[in-house]
>>> print(open('model_31.pdb').read())   # PDB, C-alpha atoms
ATOM      1  CA  MET A   1       9.307  -2.048  -2.408  1.00  0.00           C
ATOM      2  CA  PRO A   2      12.508  -3.943  -1.770  1.00  0.00           C
ATOM      3  CA  VAL A   3      12.151  -3.407   1.995  1.00  0.00           C
ATOM      4  CA  GLU A   4       9.018  -4.347   3.931  1.00  0.00           C
ATOM      5  CA  THR A   5       8.185  -3.558   7.538  1.00  0.00           C
ATOM      6  CA  GLU A   6       5.794  -5.247   9.915  1.00  0.00           C
ATOM      7  CA  ARG A   7       4.978  -4.015  13.369  1.00  0.00           C
ATOM      8  CA  LEU A   8       4.454  -6.667  16.033  1.00  0.00           C
ATOM      9  CA  GLY A   9       3.632  -4.731  19.178  1.00  0.00           C
ATOM     10  CA  PRO A  10       6.840  -2.907  20.201  1.00  0.00           C
ATOM     11  CA  VAL A  11       8.914  -4.774  17.585  1.00  0.00           C
ATOM     12  CA  LEU A  12       9.528  -3.608  14.012  1.00  0.00           C
ATOM     13  CA  VAL A  13      10.449  -6.457  11.658  1.00  0.00           C
ATOM     14  CA  ILE A  14      12.370  -5.130   8.644  1.00  0.00           C
ATOM     15  CA  THR A  15      12.709  -7.560   5.716  1.00  0.00           C
ATOM     16  CA  ILE A  16      14.775  -7.102   2.576  1.00  0.00           C
ATOM     17  CA  ARG A  17      12.732  -8.402  -0.394  1.00  0.00           C
ATOM     18  CA  ARG A  18      15.093  -8.593  -3.349  1.00  0.00           C
ATOM     19  CA  GLU A  19      15.432 -12.364  -3.570  1.00  0.00           C
ATOM     20  CA  HIS A  20      16.063 -12.403  -7.334  1.00  0.00           C
ATOM     21  CA  LYS A  21      19.359 -10.594  -6.577  1.00  0.00           C
ATOM     22  CA  ARG A  22      20.043 -12.510  -3.338  1.00  0.00           C
ATOM     23  CA  ASN A  23      19.021  -9.360  -1.448  1.00  0.00           C
ATOM     24  CA  ALA A  24      22.049  -7.445  -2.747  1.00  0.00           C
ATOM     25  CA  ILE A  25      22.060  -3.874  -1.489  1.00  0.00           C
ATOM     26  CA  ASP A  26      21.377  -1.153  -4.054  1.00  0.00           C
ATOM     27  CA  ALA A  27      20.044   2.415  -3.796  1.00  0.00           C
ATOM     28  CA  SER A  28      16.418   1.305  -3.383  1.00  0.00           C
ATOM     29  CA  VAL A  29      17.295  -1.095  -0.544  1.00  0.00           C
ATOM     30  CA  THR A  30      19.410   1.589   1.129  1.00  0.00           C
ATOM     31  CA  ALA A  31      16.517   4.055   0.941  1.00  0.00           C
ATOM     32  CA  GLY A  32      14.084   1.473   2.312  1.00  0.00           C
ATOM     33  CA  LEU A  33      16.371   0.557   5.203  1.00  0.00           C
ATOM     34  CA  ASP A  34      16.915   4.236   5.994  1.00  0.00           C
ATOM     35  CA  ALA A  35      13.158   4.880   6.109  1.00  0.00           C
ATOM     36  CA  ALA A  36      12.513   1.807   8.266  1.00  0.00           C
ATOM     37  CA  LEU A  37      15.274   2.678  10.733  1.00  0.00           C
ATOM     38  CA  ASN A  38      14.018   6.265  10.915  1.00  0.00           C
ATOM     39  CA  ASP A  39      10.560   4.900  11.801  1.00  0.00           C
ATOM     40  CA  LEU A  40      12.128   2.704  14.482  1.00  0.00           C
ATOM     41  CA  GLU A  41      14.044   5.626  15.945  1.00  0.00           C
ATOM     42  CA  ASP A  42      11.166   8.135  15.808  1.00  0.00           C
ATOM     43  CA  ASP A  43       8.328   5.961  17.156  1.00  0.00           C
ATOM     44  CA  PRO A  44       8.374   5.847  20.970  1.00  0.00           C
ATOM     45  CA  GLY A  45       6.106   2.777  20.850  1.00  0.00           C
ATOM     46  CA  LEU A  46       8.819   0.724  19.179  1.00  0.00           C
ATOM     47  CA  GLY A  47      11.557  -0.726  21.353  1.00  0.00           C
ATOM     48  CA  CYS A  48      13.287  -3.221  19.098  1.00  0.00           C
ATOM     49  CA  GLY A  49      14.026  -3.826  15.439  1.00  0.00           C
ATOM     50  CA  ILE A  50      14.729  -7.124  13.696  1.00  0.00           C
ATOM     51  CA  LEU A  51      16.476  -7.084  10.318  1.00  0.00           C
ATOM     52  CA  SER A  52      15.736 -10.080   8.109  1.00  0.00           C
ATOM     53  CA  GLY A  53      16.556 -11.194   4.606  1.00  0.00           C
ATOM     54  CA  GLY A  54      13.660 -13.560   4.144  1.00  0.00           C
ATOM     55  CA  PRO A  55      13.598 -17.348   4.124  1.00  0.00           C
ATOM     56  CA  LYS A  56      16.480 -18.091   1.713  1.00  0.00           C
ATOM     57  CA  VAL A  57      19.281 -15.554   2.099  1.00  0.00           C
ATOM     58  CA  PHE A  58      20.078 -12.585   4.315  1.00  0.00           C
ATOM     59  CA  SER A  59      22.111 -10.529   1.841  1.00  0.00           C
ATOM     60  CA  ALA A  60      24.847 -11.067  -0.706  1.00  0.00           C
ATOM     61  CA  GLY A  61      26.252  -7.629   0.142  1.00  0.00           C
ATOM     62  CA  VAL A  62      26.473  -4.705  -2.240  1.00  0.00           C
ATOM     63  CA  ASP A  63      25.035  -5.081  -5.737  1.00  0.00           C
ATOM     64  CA  LEU A  64      28.206  -4.751  -7.823  1.00  0.00           C
ATOM     65  CA  ALA A  65      26.196  -4.596 -11.066  1.00  0.00           C
ATOM     66  CA  VAL A  66      24.809  -1.125 -10.267  1.00  0.00           C
ATOM     67  CA  GLY A  67      27.773   0.630  -8.676  1.00  0.00           C
ATOM     68  CA  PRO A  68      30.275   3.053 -10.164  1.00  0.00           C
ATOM     69  CA  TRP A  69      33.144   0.611  -9.656  1.00  0.00           C
TER      70      TRP A  69
END
>>> encode(input="model_31.pdb", output="structure tokens")
Amino acid sequence: MPVETERLGPVLVITIRREHKRNAIDASVTAGLDAALNDLEDDPGLGCGILSGGPKVFSAGVDLAVGPW
């Protein structure tokens, strides 16, 4: 999965894991982020979310190689 989640008490850490593409956003990342944010919103035990791109890069933005541009 290109998006991983880790629960640390009331905090949900959401990490984009697509380093080979500098964490560029594509359909799979969008779906993973949507699912993670839905979990954050729906779980009353979670009070905070942290979005991370891993140790090297947050995100290069949209993945232009896969779009209909």
>>> closest_residue(input="model_31.pdb", among="A:Ile50, A:Ala60, A:Leu40, A:Val66", to="Lys21 (chain A)", atoms="all atoms listed in the file")
A:Ala60
>>> closest_residue(input="model_31.pdb", among="A:Leu46, A:Glu19, A:Glu41, A:Asp34", to="Glu6 (chain A)", atoms="all atoms listed in the file")
A:Leu46
>>> residues_around(input="model_31.pdb", residues="Asp39 (chain A)", least_positions_apart="6", cutoff="12 Å", atoms="only C-alpha atoms", output="JSON, numbers by chain")
{"A": [5, 6, 7, 11, 12, 13, 14, 32, 33, 45, 46, 47, 48, 49]}
>>> atom_distance(input="model_31.pdb", atom1="CA of Arg22 (chain A)", atom2="CA of Ala65 (chain A)")
12.7 Å
>>> closest_residue(input="model_31.pdb", among="A:Ala36, A:Ile25, A:Ile16, A:Ala31", to="Pro55 (chain A)", atoms="all atoms listed in the file")
A:Ile16
>>> closest_residue(input="model_31.pdb", among="A:Ala35, A:Val57, A:Val62, A:Val29", to="Met1 (chain A)", atoms="only C-alpha atoms")
A:Val29
>>> closest_residue(input="model_31.pdb", among="A:Gly53, A:Pro44, A:Phe58, A:Leu37", to="Gly9 (chain A)", atoms="only C-alpha atoms")
A:Pro44
>>> atom_distance(input="model_31.pdb", atom1="CA of Pro10 (chain A)", atom2="CA of Ala24 (chain A)")
27.9 Å
>>> closest_residue(input="model_31.pdb", among="A:Asp42, A:Ser28, A:Arg17, A:Leu51", to="Glu4 (chain A)", atoms="only C-alpha atoms")
A:Arg17
